$ cat structure.pdb   # PDB, C-alpha atoms
ATOM      1  CA  MET J1175       5.398  -0.352 -17.037
ATOM      2  CA  ILE J1176       4.251  -0.075 -13.434
ATOM      3  CA  THR J1177       1.415  -2.305 -12.272
ATOM      4  CA  ILE J1178      -0.241  -2.255  -8.871
ATOM      5  CA  GLU J1179      -1.517  -5.222  -6.893
ATOM      6  CA  ARG J1180      -3.898  -4.928  -3.960
ATOM      7  CA  THR J1181      -3.024  -7.459  -1.276
ATOM      8  CA  ASN J1182      -2.458  -7.715   2.482
ATOM      9  CA  SER J1183       0.423  -8.057   4.923
ATOM     10  CA  ASP J1184       0.731 -11.805   4.277
ATOM     11  CA  ASN J1185       2.159 -11.123   0.808
ATOM     12  CA  GLU J1186       5.851 -12.094   0.648
ATOM     13  CA  ASP J1187       6.762  -9.205  -1.670
ATOM     14  CA  PHE J1188       5.155  -6.753   0.766
ATOM     15  CA  ARG J1189       7.079  -8.277   3.690
ATOM     16  CA  TRP J1190      10.352  -8.094   1.736
ATOM     17  CA  LEU J1191       9.787  -4.443   0.839
ATOM     18  CA  VAL J1192       8.926  -3.605   4.465
ATOM     19  CA  GLN J1193      12.238  -5.166   5.543
ATOM     20  CA  LYS J1194      14.000  -2.917   3.008
ATOM     21  CA  LEU J1195      12.024   0.069   4.339
ATOM     22  CA  ASP J1196      13.002  -0.684   7.936
ATOM     23  CA  SER J1197      16.678  -0.977   6.959
ATOM     24  CA  ASP J1198      16.467   2.328   5.100
ATOM     25  CA  LEU J1199      14.832   4.072   8.069
ATOM     26  CA  ASP J1200      17.396   2.618  10.472
ATOM     27  CA  GLU J1201      20.162   4.031   8.313
ATOM     28  CA  ARG J1202      18.606   7.466   7.838
ATOM     29  CA  ASP J1203      17.150   8.183  11.279
ATOM     30  CA  LYS J1204      17.784   5.353  13.715
ATOM     31  CA  ASN J1205      16.525   7.246  16.779
ATOM     32  CA  ALA J1206      13.127   8.174  15.312
ATOM     33  CA  HIS J1207      12.760   4.760  13.677
ATOM     34  CA  SER J1208      13.426   2.927  16.938
ATOM     35  CA  ILE J1209      10.696   4.974  18.656
ATOM     36  CA  CYS J1210       8.144   4.635  15.837
ATOM     37  CA  ALA J1211       8.799   0.953  15.066
ATOM     38  CA  GLN J1212       6.292  -0.026  17.749
ATOM     39  CA  PHE J1213       3.535   1.693  15.731
ATOM     40  CA  ASN J1214       4.374  -0.084  12.472
ATOM     41  CA  ASN J1215       3.366  -3.685  13.112
ATOM     42  CA  ILE J1216       2.304  -5.056   9.742
ATOM     43  CA  GLU J1217       0.378  -7.972  11.229
ATOM     44  CA  THR J1218      -2.676  -5.714  11.600
ATOM     45  CA  ILE J1219      -2.594  -4.490   7.985
ATOM     46  CA  LYS J1220      -5.458  -5.781   5.849
ATOM     47  CA  TYR J1221      -4.920  -3.434   2.908
ATOM     48  CA  ALA J1222      -1.502  -3.268   1.239
ATOM     49  CA  VAL J1223      -0.435  -2.456  -2.304
ATOM     50  CA  ILE J1224       2.672  -3.438  -4.190
ATOM     51  CA  ALA J1225       4.070  -1.685  -7.244
ATOM     52  CA  TYR J1226       5.687  -3.937  -9.814
ATOM     53  CA  ASN J1227       7.996  -2.981 -12.641
ATOM     54  CA  GLU J1228       8.177  -5.875 -15.111
ATOM     55  CA  ASN J1229       7.121  -8.362 -12.399
ATOM     56  CA  ASN J1230       9.715  -7.048  -9.913
ATOM     57  CA  ALA J1231       8.390  -5.602  -6.652
ATOM     58  CA  VAL J1232       9.706  -2.036  -6.464
ATOM     59  CA  GLY J1233       7.447  -0.271  -3.956
ATOM     60  CA  CYS J1234       4.679  -0.643  -1.431
ATOM     61  CA  GLY J1235       2.245   1.124   0.834
ATOM     62  CA  ALA J1236      -0.658   0.265   3.092
ATOM     63  CA  ILE J1237      -3.713   1.682   4.795
ATOM     64  CA  ARG J1238      -5.073   0.877   8.217
ATOM     65  CA  GLU J1239      -8.286   2.143   9.792
ATOM     66  CA  TYR J1240      -7.617   4.998  12.184
ATOM     67  CA  SER J1241     -11.205   5.991  12.904
ATOM     68  CA  GLN J1242     -14.674   5.439  11.495
ATOM     69  CA  ASP J1243     -14.068   7.793   8.559
ATOM     70  CA  THR J1244     -10.243   7.931   8.397
ATOM     71  CA  MET J1245      -7.557   5.621   7.059
ATOM     72  CA  GLU J1246      -3.914   5.981   8.044
ATOM     73  CA  ILE J1247      -1.296   5.595   5.307
ATOM     74  CA  LYS J1248       1.470   3.244   6.467
ATOM     75  CA  ARG J1249       4.672   1.625   5.181
ATOM     76  CA  MET J1250       5.194   3.762   2.054
ATOM     77  CA  PHE J1251       8.416   2.791   0.323
ATOM     78  CA  VAL J1252      10.074   2.648  -3.102
ATOM     79  CA  LEU J1253      13.398   0.914  -3.699
ATOM     80  CA  GLU J1254      16.172   3.479  -4.073
ATOM     81  CA  ASN J1255      17.038   2.661  -7.700
ATOM     82  CA  ASN J1256      13.357   3.154  -8.674
ATOM     83  CA  ARG J1257      12.835   6.527  -6.990
ATOM     84  CA  GLY J1258      12.124   9.648  -9.001
ATOM     85  CA  ASN J1259       9.844   7.886 -11.487
ATOM     86  CA  GLY J1260       6.466   8.711  -9.931
ATOM     87  CA  ILE J1261       5.995   5.264  -8.383
ATOM     88  CA  ALA J1262       5.311   6.623  -4.898
ATOM     89  CA  SER J1263       2.543   8.861  -6.264
ATOM     90  CA  ILE J1264       1.017   5.880  -8.092
ATOM     91  CA  ILE J1265       1.055   3.870  -4.844
ATOM     92  CA  LEU J1266      -0.425   6.769  -2.876
ATOM     93  CA  ASP J1267      -3.179   7.263  -5.465
ATOM     94  CA  GLU J1268      -4.080   3.565  -5.287
ATOM     95  CA  LEU J1269      -4.227   3.679  -1.482
ATOM     96  CA  GLU J1270      -6.502   6.721  -1.600
ATOM     97  CA  SER J1271      -8.751   5.008  -4.167
ATOM     98  CA  TRP J1272      -8.955   1.906  -2.013
ATOM     99  CA  ALA J1273      -9.808   3.973   1.067
ATOM    100  CA  LYS J1274     -12.609   5.669  -0.904
ATOM    101  CA  ASP J1275     -13.820   2.276  -2.183
ATOM    102  CA  LEU J1276     -14.088   1.206   1.464
ATOM    103  CA  GLY J1277     -16.128   4.310   2.347
ATOM    104  CA  TYR J1278     -13.502   6.403   4.133
ATOM    105  CA  LYS J1279     -13.471  10.194   3.816
ATOM    106  CA  LYS J1280      -9.911  11.103   4.823
ATOM    107  CA  CYS J1281      -6.345   9.811   4.934
ATOM    108  CA  ILE J1282      -3.760  10.779   7.528
ATOM    109  CA  LEU J1283      -0.103   9.850   7.837
ATOM    110  CA  GLU J1284       3.121  10.440   9.683
ATOM    111  CA  THR J1285       6.619  10.932   8.304
ATOM    112  CA  GLY J1286       9.815  12.471   9.609
ATOM    113  CA  GLU J1287      11.968  15.540   9.138
ATOM    114  CA  MET J1288      14.815  13.270   8.016
ATOM    115  CA  LEU J1289      12.758  12.191   4.988
ATOM    116  CA  PRO J1290      12.473  15.411   2.928
ATOM    117  CA  GLU J1291      11.532  13.508  -0.239
ATOM    118  CA  ALA J1292       8.544  12.006   1.618
ATOM    119  CA  VAL J1293       7.455  15.463   2.772
ATOM    120  CA  LYS J1294       7.669  16.699  -0.845
ATOM    121  CA  LEU J1295       5.687  13.674  -2.061
ATOM    122  CA  TYR J1296       2.794  14.339   0.303
ATOM    123  CA  GLU J1297       2.771  18.088  -0.354
ATOM    124  CA  LYS J1298       2.813  17.421  -4.120
ATOM    125  CA  ASN J1299      -0.197  15.112  -3.683
ATOM    126  CA  ASN J1300      -2.261  17.750  -1.841
ATOM    127  CA  TYR J1301      -1.696  16.614   1.733
ATOM    128  CA  SER J1302      -1.772  19.355   4.360
ATOM    129  CA  ARG J1303       0.299  19.431   7.507
ATOM    130  CA  ILE J1304      -1.696  18.818  10.658
ATOM    131  CA  PRO J1305      -0.753  18.717  14.335
ATOM    132  CA  ASN J1306       0.880  15.441  15.292
ATOM    133  CA  TYR J1307      -1.846  12.972  16.230
ATOM    134  CA  GLY J1308      -2.196   9.987  18.538
ATOM    135  CA  GLN J1309       1.058   8.224  19.305
ATOM    136  CA  TYR J1310       3.036  10.893  17.428
ATOM    137  CA  GLU J1311       1.864  13.865  19.552
ATOM    138  CA  CYS J1312       4.985  13.887  21.733
ATOM    139  CA  LEU J1313       7.511  13.279  18.966
ATOM    140  CA  GLY J1314       9.103  16.500  17.780
ATOM    141  CA  SER J1315      10.864  15.248  14.644
ATOM    142  CA  ASN J1316       7.714  13.738  13.173
ATOM    143  CA  ILE J1317       5.458  15.499  10.678
ATOM    144  CA  CYS J1318       1.810  14.552  10.179
ATOM    145  CA  PHE J1319      -0.372  15.164   7.139
ATOM    146  CA  ALA J1320      -4.034  14.766   6.170
ATOM    147  CA  LYS J1321      -6.055  14.807   2.997
ATOM    148  CA  GLU J1322      -9.808  14.855   2.482
ATOM    149  CA  LEU J1323     -10.751  12.298  -0.144
ATOM    150  CA  SER J1324     -12.982  13.638  -2.896
ATOM    151  CA  THR J1325     -16.022  11.637  -3.849
TER     152      THR J1325
END
$ encode --input "structure.pdb" --output "structure tokens"
Amino acid sequence: MITIERTNSDNEDFRWLVQKLDSDLDERDKNAHSICAQFNNIETIKYAVIAYNENNAVGCGAIREYSQDTMEIKRMFVLENNRGNGIASIILDELESWAKDLGYKKCILETGEMLPEAVKLYEKNNYSRIPNYGQYECLGSNICFAKELST
């Protein structure tokens, strides 16, 4: 059974999962990861979630304010041996709910061409592709998405 915990970037399980995420990204697309790493500082994250399977941390995600009405989804990750079980969608749903609880109207995010399963996840969860925003505008291998949060 998957349970979700709302926390912040001080949580040791979150930090461990982010280390696993960074290793995975380094392996899959080192060039893009080295460029984007500067935008992924977890010290500024106040809102993080961790997915647990029988008390074992198996996935995480976070939101960070992007603008007055928009949260940016950050640091989405599920351990490889737990993928394909809907955990990422559960994490994403919790992040969207938390953003709504905080009064935000929209979520945006960035992922990469080298992460086709991430692209499928966001499309499956009703995210629409948008032009690359902010720090990602000049990066050709990045893909950005947005979703209006229903009330």
$ closest_residue --input "structure.pdb" --among "J:Phe1251, J:Phe1188, J:Glu1322, J:Ile1304" --to "Ala1292 (chain J)" --atoms "all atoms listed in the file"
J:Phe1251
$ residues_around --input "structure.pdb" --residues "Glu1186 (chain J)" --least-positions-apart "5" --cutoff "12 Å" --atoms "all atoms listed in the file" --output "ChimeraX atom specification"
/J:1181,1191-1193,1222-1224,1231,1234
$ residues_near_point --input "structure.pdb" --point "(14.4, 15.0, 9.4)" --cutoff "8 Å" --atoms "only C-alpha atoms" --output "list in words"
Asp1203, Gly1286, Glu1287, Met1288, Leu1289, Pro1290, Ser1315 and Asn1316 of chain J
$ residues_near_point --input "structure.pdb" --point "(1.8, 16.2, 2.2)" --cutoff "9 Å" --atoms "all atoms listed in the file" --output "ChimeraX atom specification"
/J:1283,1292-1303,1318-1321
$ closest_residue --input "structure.pdb" --among "J:Lys1279, J:Arg1257, J:Arg1180, J:Lys1274" --to "Ala1236 (chain J)" --atoms "only C-alpha atoms"
J:Arg1180
$ atom_distance --input "structure.pdb" --atom1 "CA of Asn1259 (chain J)" --atom2 "CA of Glu1217 (chain J)"
29.3 Å
$ closest_residue --input "structure.pdb" --among "J:Thr1218, J:Asn1230, J:Gly1277, J:Met1175" --to "Leu1253 (chain J)" --atoms "only C-alpha atoms"
J:Asn1230
$ atom_distance --input "structure.pdb" --atom1 "CA of Trp1190 (chain J)" --atom2 "CA of Ile1178 (chain J)"
16.1 Å
$ resolve_selection --input "structure.pdb" --expression "the PyMOL selection byres ((chain J and resi 1245) around 10)" --output "VMD selection string"
chain J and resid 1236 to 1244 1246 to 1248 1269 to 1270 1272 to 1274 1276 to 1283 1320
$ write_last_selection --input "structure.pdb" --atoms "C-alpha atoms" --output "mmCIF file, in the coordinates of the input"
data_model
loop_
_atom_site.group_PDB
_atom_site.id
_atom_site.type_symbol
_atom_site.label_atom_id
_atom_site.label_comp_id
_atom_site.auth_asym_id
_atom_site.auth_seq_id
_atom_site.Cartn_x
_atom_site.Cartn_y
_atom_site.Cartn_z
ATOM 1 C CA ALA J 1236 -0.658 0.265 3.092
ATOM 2 C CA ILE J 1237 -3.713 1.682 4.795
ATOM 3 C CA ARG J 1238 -5.073 0.877 8.217
ATOM 4 C CA GLU J 1239 -8.286 2.143 9.792
ATOM 5 C CA TYR J 1240 -7.617 4.998 12.184
ATOM 6 C CA SER J 1241 -11.205 5.991 12.904
ATOM 7 C CA GLN J 1242 -14.674 5.439 11.495
ATOM 8 C CA ASP J 1243 -14.068 7.793 8.559
ATOM 9 C CA THR J 1244 -10.243 7.931 8.397
ATOM 10 C CA GLU J 1246 -3.914 5.981 8.044
ATOM 11 C CA ILE J 1247 -1.296 5.595 5.307
ATOM 12 C CA LYS J 1248 1.470 3.244 6.467
ATOM 13 C CA LEU J 1269 -4.227 3.679 -1.482
ATOM 14 C CA GLU J 1270 -6.502 6.721 -1.600
ATOM 15 C CA TRP J 1272 -8.955 1.906 -2.013
ATOM 16 C CA ALA J 1273 -9.808 3.973 1.067
ATOM 17 C CA LYS J 1274 -12.609 5.669 -0.904
ATOM 18 C CA LEU J 1276 -14.088 1.206 1.464
ATOM 19 C CA GLY J 1277 -16.128 4.310 2.347
ATOM 20 C CA TYR J 1278 -13.502 6.403 4.133
ATOM 21 C CA LYS J 1279 -13.471 10.194 3.816
ATOM 22 C CA LYS J 1280 -9.911 11.103 4.823
ATOM 23 C CA CYS J 1281 -6.345 9.811 4.934
ATOM 24 C CA ILE J 1282 -3.760 10.779 7.528
ATOM 25 C CA LEU J 1283 -0.103 9.850 7.837
ATOM 26 C CA ALA J 1320 -4.034 14.766 6.170
#
$ atom_distance --input "structure.pdb" --atom1 "CA of Lys1220 (chain J)" --atom2 "CA of Gly1258 (chain J)"
27.7 Å
$ closest_residue --input "structure.pdb" --among "J:Ser1197, J:Asn1255, J:Ser1271, J:Asn1227" --to "Leu1323 (chain J)" --atoms "all atoms listed in the file"
J:Ser1271
$ closest_residue --input "structure.pdb" --among "J:Met1250, J:Glu1284, J:Leu1195, J:Asn1182" --to "Gln1309 (chain J)" --atoms "only C-alpha atoms"
J:Glu1284
$ closest_residue --input "structure.pdb" --among "J:Thr1285, J:Glu1291, J:Asp1196, J:Glu1254" --to "Tyr1307 (chain J)" --atoms "all atoms listed in the file"
J:Thr1285
$ resolve_selection --input "structure.pdb" --expression "the PyMOL selection byres ((chain J and resi 1261) around 9)" --output "PyMOL selection string"
chain J and resi 1176+1225+1232-1233+1252+1256-1260+1262-1266
$ decode --input "structure.pdb" --residues "region 1252-1267 of chain J" --atoms "N, CA and C atoms" --output "compact mmCIF listing (two decimals), in the first residue's frame"
# COMPACT_ATOMS: atom_id res chain seq x y z
N VAL J 1252 10.71 8.20 -9.03
CA VAL J 1252 10.30 6.93 -8.43
C VAL J 1252 11.45 5.95 -8.65
N LEU J 1253 11.82 5.24 -7.60
CA LEU J 1253 12.88 4.23 -7.72
C LEU J 1253 12.55 3.25 -8.84
N GLU J 1254 13.56 2.85 -9.58
CA GLU J 1254 13.36 2.04 -10.78
C GLU J 1254 12.53 0.78 -10.53
N ASN J 1255 12.80 0.06 -9.45
CA ASN J 1255 12.07 -1.19 -9.20
C ASN J 1255 10.64 -0.97 -8.72
N ASN J 1256 10.21 0.29 -8.59
CA ASN J 1256 8.83 0.61 -8.20
C ASN J 1256 8.06 1.30 -9.32
N ARG J 1257 8.69 1.48 -10.46
CA ARG J 1257 8.04 2.16 -11.59
C ARG J 1257 6.99 1.26 -12.23
N GLY J 1258 6.02 1.90 -12.87
CA GLY J 1258 4.98 1.15 -13.55
C GLY J 1258 3.81 0.75 -12.67
N ASN J 1259 3.79 1.26 -11.45
CA ASN J 1259 2.72 0.91 -10.50
C ASN J 1259 1.82 2.10 -10.16
N GLY J 1260 1.94 3.19 -10.90
CA GLY J 1260 1.09 4.35 -10.66
C GLY J 1260 1.56 5.27 -9.55
N ILE J 1261 2.74 5.02 -9.00
CA ILE J 1261 3.24 5.84 -7.89
C ILE J 1261 3.48 7.28 -8.31
N ALA J 1262 4.05 7.47 -9.49
CA ALA J 1262 4.32 8.83 -9.96
C ALA J 1262 3.02 9.63 -10.10
N SER J 1263 1.98 9.01 -10.58
CA SER J 1263 0.69 9.71 -10.69
C SER J 1263 0.12 10.05 -9.32
N ILE J 1264 0.32 9.17 -8.35
CA ILE J 1264 -0.14 9.45 -6.98
C ILE J 1264 0.62 10.66 -6.42
N ILE J 1265 1.94 10.69 -6.63
CA ILE J 1265 2.76 11.82 -6.18
C ILE J 1265 2.31 13.10 -6.85
N LEU J 1266 2.13 13.05 -8.16
CA LEU J 1266 1.72 14.23 -8.92
C LEU J 1266 0.37 14.75 -8.45
N ASP J 1267 -0.57 13.85 -8.21
CA ASP J 1267 -1.90 14.22 -7.72
C ASP J 1267 -1.79 14.92 -6.36
